[in-house]
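This is run-v4.json (JSON, C-alpha atoms).
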```json
[["chain", "number", "residue", "atom", "x", "y", "z"],
["A", 1, "MET", "CA", 38.16, 31.45, -71.95],
["A", 2, "GLY", "CA", 38.84, 34.30, -74.37],
["A", 3, "LEU", "CA", 42.03, 36.28, -74.79],
["A", 4, "SER", "CA", 40.66, 39.25, -72.82],
["A", 5, "ALA", "CA", 40.26, 37.09, -69.68],
["A", 6, "TYR", "CA", 43.96, 36.16, -69.73],
["A", 7, "LEU", "CA", 44.99, 39.76, -70.47],
["A", 8, "THR", "CA", 42.87, 41.03, -67.56],
["A", 9, "LEU", "CA", 44.45, 38.45, -65.24],
["A", 10, "SER", "CA", 47.95, 39.51, -66.28],
["A", 11, "ALA", "CA", 47.05, 43.22, -65.94],
["A", 12, "THR", "CA", 45.87, 42.52, -62.37],
["A", 13, "VAL", "CA", 49.10, 40.72, -61.47],
["A", 14, "PHE", "CA", 51.09, 43.55, -63.11],
["A", 15, "ALA", "CA", 49.29, 46.19, -61.02],
["A", 16, "ILE", "CA", 49.87, 44.18, -57.82],
["A", 17, "GLY", "CA", 53.57, 43.91, -58.67],
["A", 18, "LEU", "CA", 53.72, 47.65, -59.35],
["A", 19, "PHE", "CA", 52.13, 48.28, -55.95],
["A", 20, "GLY", "CA", 54.81, 46.11, -54.35],
["A", 21, "VAL", "CA", 57.64, 47.95, -56.15],
["A", 22, "LEU", "CA", 56.24, 51.32, -55.09],
["A", 23, "THR", "CA", 55.55, 50.51, -51.45],
["A", 24, "ARG", "CA", 58.21, 48.07, -50.25],
["A", 25, "ARG", "CA", 61.08, 49.43, -48.14],
["A", 26, "ASN", "CA", 63.30, 46.36, -48.42],
["A", 27, "THR", "CA", 65.36, 46.11, -51.63],
["A", 28, "ILE", "CA", 64.68, 42.36, -51.88],
["A", 29, "GLY", "CA", 60.94, 43.11, -51.51],
["A", 30, "ILE", "CA", 61.18, 45.51, -54.45],
["A", 31, "LEU", "CA", 62.88, 42.78, -56.50],
["A", 32, "LEU", "CA", 59.99, 40.41, -55.68],
["A", 33, "GLY", "CA", 57.56, 43.03, -57.02],
["A", 34, "ILE", "CA", 59.59, 43.27, -60.24],
["A", 35, "GLU", "CA", 59.36, 39.47, -60.51],
["A", 36, "LEU", "CA", 55.55, 39.65, -60.36],
["A", 37, "MET", "CA", 55.47, 42.33, -63.09],
["A", 38, "LEU", "CA", 57.75, 40.31, -65.40],
["A", 39, "ASN", "CA", 55.60, 37.26, -64.75],
["A", 40, "ALA", "CA", 52.50, 39.18, -65.84],
["A", 41, "VAL", "CA", 54.24, 40.14, -69.09],
["A", 42, "ASN", "CA", 55.08, 36.47, -69.71],
["A", 43, "ILE", "CA", 51.40, 35.51, -69.30],
["A", 44, "ASN", "CA", 50.53, 38.18, -71.89],
["A", 45, "LEU", "CA", 53.09, 36.87, -74.38],
["A", 46, "VAL", "CA", 52.02, 33.24, -74.02],
["A", 47, "SER", "CA", 48.31, 34.02, -74.28],
["A", 48, "PHE", "CA", 48.78, 36.08, -77.47],
["A", 49, "SER", "CA", 50.91, 33.26, -78.84],
["A", 50, "HIS", "CA", 48.18, 30.72, -78.00],
["A", 51, "PHE", "CA", 45.32, 32.74, -79.48],
["A", 52, "GLN", "CA", 47.15, 33.66, -82.69],
["A", 53, "GLY", "CA", 48.79, 30.29, -83.40],
["A", 54, "GLU", "CA", 52.24, 31.91, -83.49],
["A", 55, "THR", "CA", 55.34, 30.54, -81.74],
["A", 56, "ALA", "CA", 57.23, 33.87, -81.51],
["A", 57, "GLY", "CA", 55.46, 34.78, -78.26],
["A", 58, "MET", "CA", 56.56, 31.53, -76.61],
["A", 59, "VAL", "CA", 60.17, 32.07, -77.76],
["A", 60, "PHE", "CA", 60.09, 35.61, -76.34],
["A", 61, "THR", "CA", 58.78, 34.21, -73.05],
["A", 62, "LEU", "CA", 61.66, 31.75, -72.96],
["A", 63, "PHE", "CA", 64.11, 34.63, -73.50],
["A", 64, "ALA", "CA", 62.33, 36.78, -70.92],
["A", 65, "ILE", "CA", 62.55, 34.02, -68.29],
["A", 66, "CYS", "CA", 66.29, 33.57, -68.89],
["A", 67, "ILE", "CA", 66.99, 37.32, -68.79],
["A", 68, "THR", "CA", 64.92, 37.66, -65.62],
["A", 69, "VAL", "CA", 66.93, 34.98, -63.85],
["A", 70, "ALA", "CA", 70.20, 36.69, -64.88],
["A", 71, "GLU", "CA", 68.81, 40.04, -63.77],
["A", 72, "VAL", "CA", 67.78, 38.71, -60.37],
["A", 73, "ALA", "CA", 71.16, 37.04, -59.82],
["A", 74, "LEU", "CA", 72.88, 40.34, -60.60],
["A", 75, "GLY", "CA", 70.39, 42.40, -58.57],
["A", 76, "LEU", "CA", 70.89, 40.19, -55.52],
["A", 77, "ALA", "CA", 74.68, 40.41, -55.94],
["A", 78, "LEU", "CA", 74.25, 44.20, -55.82],
["A", 79, "VAL", "CA", 72.05, 43.90, -52.73],
["A", 80, "ILE", "CA", 74.68, 41.77, -50.97],
["A", 81, "LEU", "CA", 77.38, 44.28, -51.98],
["A", 82, "LEU", "CA", 75.28, 47.18, -50.66],
["A", 83, "PHE", "CA", 74.65, 45.31, -47.43],
["A", 84, "ARG", "CA", 78.39, 44.80, -47.01],
["A", 85, "SER", "CA", 79.28, 48.46, -47.42],
["A", 86, "ARG", "CA", 76.21, 50.16, -45.87],
["A", 87, "ARG", "CA", 74.85, 47.47, -43.49],
["A", 88, "THR", "CA", 71.30, 48.02, -44.73],
["A", 89, "VAL", "CA", 68.92, 46.67, -47.39],
["A", 90, "ILE", "CA", 66.33, 49.45, -46.93],
["A", 91, "ALA", "CA", 66.06, 51.34, -50.22],
["A", 92, "ASP", "CA", 65.40, 54.70, -48.50],
["A", 93, "HIS", "CA", 68.67, 54.46, -46.55],
["A", 94, "ILE", "CA", 70.73, 53.97, -49.70],
["A", 95, "ASP", "CA", 70.96, 57.66, -50.61],
["A", 96, "MET", "CA", 74.68, 58.24, -51.06],
["A", 97, "LEU", "CA", 76.37, 57.97, -54.44],
["A", 98, "LYS", "CA", 79.81, 58.06, -52.90],
["A", 99, "GLY", "CA", 80.73, 54.72, -51.33],
["B", 1, "MET", "CA", 39.44, 19.88, -70.56],
["B", 2, "ILE", "CA", 42.57, 21.73, -69.58],
["B", 3, "ASP", "CA", 41.24, 25.11, -70.78],
["B", 4, "SER", "CA", 37.88, 24.99, -69.01],
["B", 5, "PRO", "CA", 36.57, 28.19, -67.38],
["B", 6, "GLY", "CA", 36.53, 26.52, -63.95],
["B", 7, "LEU", "CA", 40.25, 25.78, -64.07],
["B", 8, "PHE", "CA", 40.96, 29.31, -65.30],
["B", 9, "TRP", "CA", 39.09, 30.84, -62.37],
["B", 10, "CYS", "CA", 40.83, 28.55, -59.86],
["B", 11, "LEU", "CA", 44.24, 29.52, -61.29],
["B", 12, "SER", "CA", 43.26, 33.20, -61.30],
["B", 13, "ILE", "CA", 42.26, 33.09, -57.65],
["B", 14, "VAL", "CA", 45.50, 31.32, -56.68],
["B", 15, "LEU", "CA", 47.62, 33.71, -58.75],
["B", 16, "VAL", "CA", 45.99, 36.97, -57.65],
["B", 17, "GLY", "CA", 45.73, 35.83, -54.03],
["B", 18, "SER", "CA", 49.36, 34.79, -53.77],
["B", 19, "ALA", "CA", 50.50, 37.94, -55.63],
["B", 20, "LEU", "CA", 48.61, 40.07, -53.10],
["B", 21, "ALA", "CA", 50.21, 38.08, -50.29],
["B", 22, "VAL", "CA", 53.68, 38.74, -51.80],
["B", 23, "VAL", "CA", 53.24, 42.51, -51.60],
["B", 24, "LEU", "CA", 51.26, 42.64, -48.33],
["B", 25, "THR", "CA", 52.92, 40.09, -45.99],
["B", 26, "LYS", "CA", 55.00, 41.61, -43.21],
["B", 27, "ASN", "CA", 57.53, 38.76, -43.13],
["B", 28, "LEU", "CA", 60.04, 38.86, -46.01],
["B", 29, "PHE", "CA", 60.61, 35.10, -45.98],
["B", 30, "HIS", "CA", 56.86, 34.42, -46.21],
["B", 31, "SER", "CA", 56.76, 36.87, -49.09],
["B", 32, "VAL", "CA", 59.25, 34.74, -51.02],
["B", 33, "LEU", "CA", 57.25, 31.58, -50.33],
["B", 34, "TRP", "CA", 54.08, 33.28, -51.62],
["B", 35, "LEU", "CA", 56.04, 34.31, -54.72],
["B", 36, "ALA", "CA", 56.92, 30.63, -55.26],
["B", 37, "LEU", "CA", 53.18, 29.84, -55.19],
["B", 38, "ALA", "CA", 52.45, 32.69, -57.62],
["B", 39, "LEU", "CA", 55.13, 31.42, -60.03],
["B", 40, "THR", "CA", 53.73, 27.88, -59.80],
["B", 41, "GLY", "CA", 50.27, 29.29, -60.52],
["B", 42, "THR", "CA", 51.70, 30.99, -63.60],
["B", 43, "ALA", "CA", 53.09, 27.63, -64.71],
["B", 44, "GLY", "CA", 49.50, 26.36, -64.40],
["B", 45, "VAL", "CA", 48.29, 29.22, -66.61],
["B", 46, "PHE", "CA", 50.94, 28.27, -69.18],
["B", 47, "LEU", "CA", 49.68, 24.67, -69.06],
["B", 48, "SER", "CA", 46.11, 25.84, -69.65],
["B", 49, "LEU", "CA", 47.43, 27.74, -72.71],
["B", 50, "HIS", "CA", 48.98, 24.49, -74.05],
["B", 51, "ALA", "CA", 52.57, 25.74, -73.51],
["B", 52, "GLU", "CA", 53.84, 22.66, -71.68],
["B", 53, "PHE", "CA", 57.52, 23.36, -72.33],
["B", 54, "LEU", "CA", 57.28, 26.88, -70.90],
["B", 55, "ALA", "CA", 55.44, 25.56, -67.84],
["B", 56, "ALA", "CA", 58.34, 23.18, -67.21],
["B", 57, "VAL", "CA", 60.91, 25.96, -67.73],
["B", 58, "GLN", "CA", 58.92, 28.22, -65.41],
["B", 59, "LEU", "CA", 58.92, 25.58, -62.67],
["B", 60, "LEU", "CA", 62.61, 24.70, -63.07],
["B", 61, "LEU", "CA", 64.11, 28.17, -63.47],
["B", 62, "TYR", "CA", 61.71, 30.37, -61.52],
["B", 63, "ALA", "CA", 60.12, 28.31, -58.79],
["B", 64, "GLY", "CA", 63.24, 26.17, -58.41],
["B", 65, "GLY", "CA", 66.27, 28.33, -59.16],
["B", 66, "LEU", "CA", 65.18, 31.87, -58.51],
["B", 67, "ILE", "CA", 63.49, 31.20, -55.17],
["B", 68, "THR", "CA", 66.69, 29.50, -53.97],
["B", 69, "ILE", "CA", 68.78, 32.53, -54.95],
["B", 70, "VAL", "CA", 66.41, 34.93, -53.17],
["B", 71, "VAL", "CA", 66.40, 32.79, -50.01],
["B", 72, "PHE", "CA", 70.21, 32.79, -50.05],
["B", 73, "ALA", "CA", 70.25, 36.58, -50.36],
["B", 74, "ILE", "CA", 67.86, 36.89, -47.41],
["B", 75, "VAL", "CA", 70.00, 34.56, -45.30],
["B", 76, "VAL", "CA", 73.10, 36.62, -46.11],
["B", 77, "THR", "CA", 71.56, 40.03, -45.45],
["B", 78, "GLU", "CA", 69.07, 39.37, -42.63],
["B", 79, "ARG", "CA", 68.68, 37.34, -39.53],
["B", 80, "LEU", "CA", 66.14, 34.58, -40.07],
["B", 81, "VAL", "CA", 64.80, 34.85, -36.51],
["B", 82, "GLY", "CA", 63.75, 37.98, -34.68],
["B", 83, "GLU", "CA", 61.94, 41.08, -35.79],
["B", 84, "LYS", "CA", 64.71, 42.10, -38.22],
["B", 85, "LEU", "CA", 63.08, 40.02, -40.94],
["B", 86, "SER", "CA", 59.87, 42.04, -41.08],
["B", 87, "HIS", "CA", 59.69, 44.45, -43.96],
["B", 88, "THR", "CA", 57.16, 47.23, -43.78],
["B", 89, "SER", "CA", 55.62, 49.28, -46.55],
["B", 90, "ARG", "CA", 55.55, 53.01, -47.10],
["B", 91, "HIS", "CA", 53.51, 55.41, -49.27],
["B", 92, "ILE", "CA", 50.66, 52.87, -49.28],
["B", 93, "THR", "CA", 48.02, 55.39, -50.38],
["B", 94, "ALA", "CA", 50.08, 56.74, -53.27],
["B", 95, "GLY", "CA", 51.08, 53.21, -54.30],
["B", 96, "THR", "CA", 47.45, 52.06, -54.28],
["B", 97, "ILE", "CA", 46.34, 55.05, -56.37],
["B", 98, "VAL", "CA", 49.08, 54.57, -59.00],
["B", 99, "ALA", "CA", 48.59, 50.78, -59.22],
["B", 100, "ALA", "CA", 44.78, 51.13, -59.43],
["B", 101, "ALA", "CA", 45.09, 53.80, -62.13],
["B", 102, "VAL", "CA", 47.41, 51.60, -64.21],
["B", 103, "LEU", "CA", 45.06, 48.63, -63.75],
["B", 104, "ALA", "CA", 42.03, 50.73, -64.74],
["B", 105, "VAL", "CA", 43.71, 52.01, -67.92],
["B", 106, "LEU", "CA", 44.85, 48.50, -68.89],
["B", 107, "VAL", "CA", 41.41, 46.94, -68.27],
["B", 108, "VAL", "CA", 39.63, 49.69, -70.26],
["B", 109, "VAL", "CA", 42.02, 49.18, -73.19],
["B", 110, "ILE", "CA", 41.60, 45.38, -73.02],
["B", 111, "GLN", "CA", 37.79, 45.65, -72.92],
["B", 112, "ARG", "CA", 37.69, 47.99, -75.93],
["B", 113, "ALA", "CA", 40.16, 46.07, -78.11],
["B", 114, "PRO", "CA", 38.75, 43.53, -80.59],
["B", 115, "LEU", "CA", 40.33, 40.38, -79.15],
["B", 116, "ALA", "CA", 40.10, 36.78, -80.27],
["B", 117, "LEU", "CA", 37.76, 34.46, -78.40],
["B", 118, "THR", "CA", 38.98, 31.18, -79.84],
["B", 119, "ALA", "CA", 42.52, 29.90, -80.14],
["B", 120, "VAL", "CA", 44.27, 29.21, -83.44],
["B", 121, "PRO", "CA", 45.86, 25.76, -83.15],
["B", 122, "LEU", "CA", 49.60, 25.51, -83.76],
["B", 123, "GLU", "CA", 50.78, 23.54, -86.78],
["B", 124, "GLY", "CA", 52.50, 20.77, -84.89],
["B", 125, "GLU", "CA", 53.78, 20.23, -81.39],
["B", 126, "ALA", "CA", 54.54, 23.44, -79.45],
["B", 127, "THR", "CA", 57.88, 22.28, -78.02],
["B", 128, "ARG", "CA", 59.19, 21.23, -81.44],
["B", 129, "LEU", "CA", 58.06, 24.55, -82.97],
["B", 130, "ILE", "CA", 59.80, 26.53, -80.20],
["B", 131, "GLY", "CA", 63.01, 24.58, -80.78],
["B", 132, "ASP", "CA", 62.82, 25.19, -84.54],
["B", 133, "ALA", "CA", 62.19, 28.91, -84.07],
["B", 134, "VAL", "CA", 65.00, 29.34, -81.53],
["B", 135, "LEU", "CA", 67.58, 27.80, -83.87],
["B", 136, "THR", "CA", 66.36, 29.42, -87.11],
["B", 137, "ARG", "CA", 64.37, 32.68, -86.85],
["B", 138, "PHE", "CA", 65.80, 33.71, -83.48],
["B", 139, "ALA", "CA", 69.29, 32.20, -83.74],
["B", 140, "LEU", "CA", 71.03, 35.58, -83.29],
["B", 141, "ALA", "CA", 68.90, 36.45, -80.25],
["B", 142, "PHE", "CA", 69.64, 33.01, -78.84],
["B", 143, "GLU", "CA", 73.40, 33.57, -79.15],
["B", 144, "LEU", "CA", 73.07, 37.04, -77.59],
["B", 145, "LEU", "CA", 71.13, 35.46, -74.73],
["B", 146, "ALA", "CA", 74.05, 33.13, -74.08],
["B", 147, "MET", "CA", 76.34, 36.19, -73.97],
["B", 148, "ILE", "CA", 74.00, 37.94, -71.50],
["B", 149, "LEU", "CA", 73.94, 34.91, -69.20],
["B", 150, "LEU", "CA", 77.76, 34.68, -69.29],
["B", 151, "THR", "CA", 78.12, 38.42, -68.60],
["B", 152, "ALA", "CA", 75.64, 38.25, -65.73],
["B", 153, "LEU", "CA", 77.48, 35.28, -64.22],
["B", 154, "VAL", "CA", 80.87, 37.00, -64.43],
["B", 155, "GLY", "CA", 79.37, 40.25, -63.10],
["B", 156, "ALA", "CA", 77.68, 38.53, -60.18],
["B", 157, "ILE", "CA", 80.89, 36.71, -59.24],
["B", 158, "TYR", "CA", 82.85, 39.97, -59.49],
["B", 159, "PHE", "CA", 80.39, 41.84, -57.25],
["B", 160, "ALA", "CA", 80.08, 39.08, -54.67],
["B", 161, "ARG", "CA", 83.82, 38.33, -54.45],
["B", 162, "PRO", "CA", 85.33, 38.24, -50.96],
["B", 163, "GLU", "CA", 86.95, 41.41, -49.65],
["B", 164, "ASP", "CA", 90.62, 41.70, -50.51]]
```
Would you mind writing the structure in this file as structure tokens?
Amino acid sequence: MGLSAYLTLSATVFAIGLFGVLTRRNTIGILLGIELMLNAVNINLVSFSHFQGETAGMVFTLFAICITVAEVALGLALVILLFRSRRTVIADHIDMLKG
Amino acid sequence: MIDSPGLFWCLSIVLVGSALAVVLTKNLFHSVLWLALALTGTAGVFLSLHAEFLAAVQLLLYAGGLITIVVFAIVVTERLVGEKLSHTSRHITAGTIVAAAVLAVLVVVIQRAPLALTAVPLEGEATRLIGDAVLTRFALAFELLAMILLTALVGAIYFARPED
């Protein structure tokens, strides 16, 4: 399969993730959508790396995976904190800056 | 052959199908399980691109670690039984329009770009090359990554500390 097939696949997954981020009410659901989008980016990086014979893309993917895991751990800590103070994980209900 | 068109289409169907299930399922817990399948499918795509090391990392960190963290967060913030777990969607029409527009733009750009059809083989084993690059060309980024992980850990512990 050519490079464009992999890029189209990752674009599709990216658009699905974007749809999830835009439409989910639950904060954890939004995080899952972000996961899908980051995953699509990783597919892009690895496929360019494969089709150009260059390792930089794979190294970037490794970094991206690590940063994503840190980001999710922090995001979920924030969700738990929000749930403690506001008793909700619905993004639309979190509309006060003052705790 | 690991990069045969048949395998690619099977992986594509699994990946797109499970990704759709992640954003469309009503039950949040099922959503997470579908995400685990999507991440495993991505590991399959990495395998078909001859990135065995990244496929292993993907399985260990994402499908193993991340799913566990998300499940913990759900257990803490929701009741696992009862209708509380369902998570509905809003602005579905607007979301569909925006996502479809982004997809259309991306696909048009991809179709018009002059892209390679055949792969350029790496000079050596991929895992060894990644290790060399991480400790030479990207050594600074690697150290910064360690700092980010440490900061995230400390930050997460600080946020999730018990109430005084």
List as a tab-separated table every residue of chain A that is in contact with chain B, defined as an atom at most 8 Å from one of its atoms (using all atoms listed in the file), together with the nearest atom pair and the distance in Å rounded to one decimal, sorted by chain and then rising number.
```
residue	atom	partner	partner_atom	distance
A:Met1	CA	B:Pro5	CA	5.8
A:Gly2	CA	B:Leu117	CA	4.2
A:Leu3	CA	B:Ala116	CA	5.8
A:Ser4	CA	B:Ile110	CA	6.2
A:Leu7	CA	B:Ile110	CA	7.0
A:Thr8	CA	B:Val107	CA	6.1
A:Leu9	CA	B:Ser12	CA	6.7
A:Ala11	CA	B:Leu103	CA	6.2
A:Thr12	CA	B:Leu103	CA	6.3
A:Val13	CA	B:Val16	CA	6.2
A:Phe14	CA	B:Leu103	CA	7.9
A:Ala15	CA	B:Ala99	CA	5.0
A:Ile16	CA	B:Leu20	CA	6.4
A:Gly17	CA	B:Val23	CA	7.2
A:Leu18	CA	B:Ala99	CA	6.0
A:Phe19	CA	B:Gly95	CA	5.3
A:Gly20	CA	B:Val23	CA	4.8
A:Leu22	CA	B:Gly95	CA	5.6
A:Thr23	CA	B:Arg90	CA	5.0
A:Arg24	CA	B:Ser89	CA	4.7
A:Arg25	CA	B:Ser89	CA	5.7
A:Asn26	CA	B:His87	CA	6.0
A:Ile28	CA	B:Val70	CA	7.7
A:Gly29	CA	B:Leu28	CA	7.0
A:Leu32	CA	B:Leu35	CA	7.3
A:Gly33	CA	B:Val23	CA	7.0
A:Leu36	CA	B:Ala19	CA	7.1
A:Asn39	CA	B:Thr42	CA	7.5
A:Ile43	CA	B:Phe46	CA	7.3
A:Val46	CA	B:Phe46	CA	7.0
A:Ser47	CA	B:Leu49	CA	6.5
A:His50	CA	B:Ala119	CA	6.1
A:Phe51	CA	B:Ala119	CA	4.0
A:Gln52	CA	B:Val120	CA	5.4
A:Gly53	CA	B:Val120	CA	4.6
A:Glu54	CA	B:Leu122	CA	6.9
A:Thr55	CA	B:Ile130	CA	6.2
A:Ala56	CA	B:Ala133	CA	7.5
A:Met58	CA	B:Ile130	CA	7.0
A:Val59	CA	B:Ile130	CA	6.1
A:Thr61	CA	B:Leu54	CA	7.8
A:Leu62	CA	B:Leu54	CA	6.9
A:Phe63	CA	B:Leu145	CA	7.2
A:Ile65	CA	B:Gln58	CA	7.4
A:Cys66	CA	B:Leu149	CA	7.8
A:Ile67	CA	B:Leu149	CA	7.4
A:Val69	CA	B:Leu66	CA	6.4
A:Ala70	CA	B:Ala152	CA	5.7
A:Glu71	CA	B:Ala152	CA	7.3
A:Val72	CA	B:Leu66	CA	7.6
A:Ala73	CA	B:Ala156	CA	6.7
A:Leu74	CA	B:Ala156	CA	5.1
A:Leu76	CA	B:Ala73	CA	6.3
A:Ala77	CA	B:Ala156	CA	5.5
A:Leu78	CA	B:Phe159	CA	6.7
A:Val79	CA	B:Ala73	CA	7.9
A:Ile80	CA	B:Thr77	CA	6.6
A:Leu81	CA	B:Ala160	CA	6.4
A:Phe83	CA	B:Thr77	CA	6.4
A:Val89	CA	B:Thr77	CA	7.4
```
Exercise. How many Å lie between CA of Ile34 (chain A) and CA of Glu143 (chain B), rounded to one decimal?
Worked result: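 CA of Glu143 (chain B) lies 25.3 Å from CA of Ile34 (chain A).
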For this session: Take CA of Ile94 (chain A) and CA of Glu35 (chain A) and report the distance between them in Å, one decimal.
Result: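 Going from CA of Ile94 (chain A) over to CA of Glu35 (chain A) covers 21.4 Å.
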Please write out, as AutoDock Vina command-line options, where the centre of an axis-aligned box around all listed atoms of region 55-66 of chain B lies and how long its edges are, in Å to one decimal, after adding 5 Å on each side.
```
--center_x 60.9 --center_y 27.5 --center_z -63.1 --size_x 20.8 --size_y 18.7 --size_z 19.4
```
Problem set entry | Distance of CA of Thr27 (chain A) from CA of Thr88 (chain A), expressed in Å to one decimal place |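 Computing it gives 9.3 Å between the two atoms.
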Missing atoms in region 35-53 of chain B need filling: write out N, CA and C atoms for it as a compact mmCIF listing (two decimals), in the frame of the given file.
```
# COMPACT_ATOMS: atom_id res chain seq x y z
N LEU B 35 55.62 34.11 -53.33
CA LEU B 35 56.04 34.31 -54.72
C LEU B 35 56.23 32.96 -55.41
N ALA B 36 56.76 31.97 -54.67
CA ALA B 36 56.92 30.63 -55.26
C ALA B 36 55.56 30.09 -55.68
N LEU B 37 54.52 30.30 -54.83
CA LEU B 37 53.18 29.84 -55.19
C LEU B 37 52.67 30.58 -56.42
N ALA B 38 52.91 31.90 -56.48
CA ALA B 38 52.45 32.69 -57.62
C ALA B 38 53.11 32.19 -58.91
N LEU B 39 54.42 31.89 -58.84
CA LEU B 39 55.13 31.42 -60.03
C LEU B 39 54.62 30.05 -60.46
N THR B 40 54.30 29.19 -59.46
CA THR B 40 53.73 27.88 -59.80
C THR B 40 52.36 28.04 -60.43
N GLY B 41 51.58 29.00 -59.91
CA GLY B 41 50.27 29.29 -60.52
C GLY B 41 50.41 29.74 -61.96
N THR B 42 51.45 30.55 -62.23
CA THR B 42 51.70 30.99 -63.60
C THR B 42 52.04 29.80 -64.49
N ALA B 43 52.81 28.85 -63.94
CA ALA B 43 53.09 27.63 -64.71
C ALA B 43 51.78 26.92 -65.05
N GLY B 44 50.81 26.93 -64.12
CA GLY B 44 49.50 26.36 -64.40
C GLY B 44 48.80 27.09 -65.52
N VAL B 45 48.89 28.44 -65.53
CA VAL B 45 48.29 29.22 -66.61
C VAL B 45 48.92 28.85 -67.95
N PHE B 46 50.27 28.67 -67.95
CA PHE B 46 50.94 28.27 -69.18
C PHE B 46 50.42 26.91 -69.65
N LEU B 47 50.21 25.99 -68.69
CA LEU B 47 49.68 24.67 -69.06
C LEU B 47 48.31 24.81 -69.69
N SER B 48 47.45 25.68 -69.11
CA SER B 48 46.11 25.84 -69.65
C SER B 48 46.15 26.50 -71.02
N LEU B 49 47.27 27.15 -71.37
CA LEU B 49 47.43 27.74 -72.71
C LEU B 49 48.18 26.80 -73.65
N HIS B 50 48.32 25.53 -73.25
CA HIS B 50 48.98 24.49 -74.05
C HIS B 50 50.44 24.82 -74.32
N ALA B 51 51.13 25.48 -73.37
CA ALA B 51 52.57 25.74 -73.51
C ALA B 51 53.28 24.90 -72.46
N GLU B 52 53.31 23.58 -72.70
CA GLU B 52 53.84 22.66 -71.68
C GLU B 52 55.31 22.90 -71.41
N PHE B 53 56.07 23.16 -72.50
CA PHE B 53 57.52 23.36 -72.33
C PHE B 53 57.79 24.57 -71.44
```
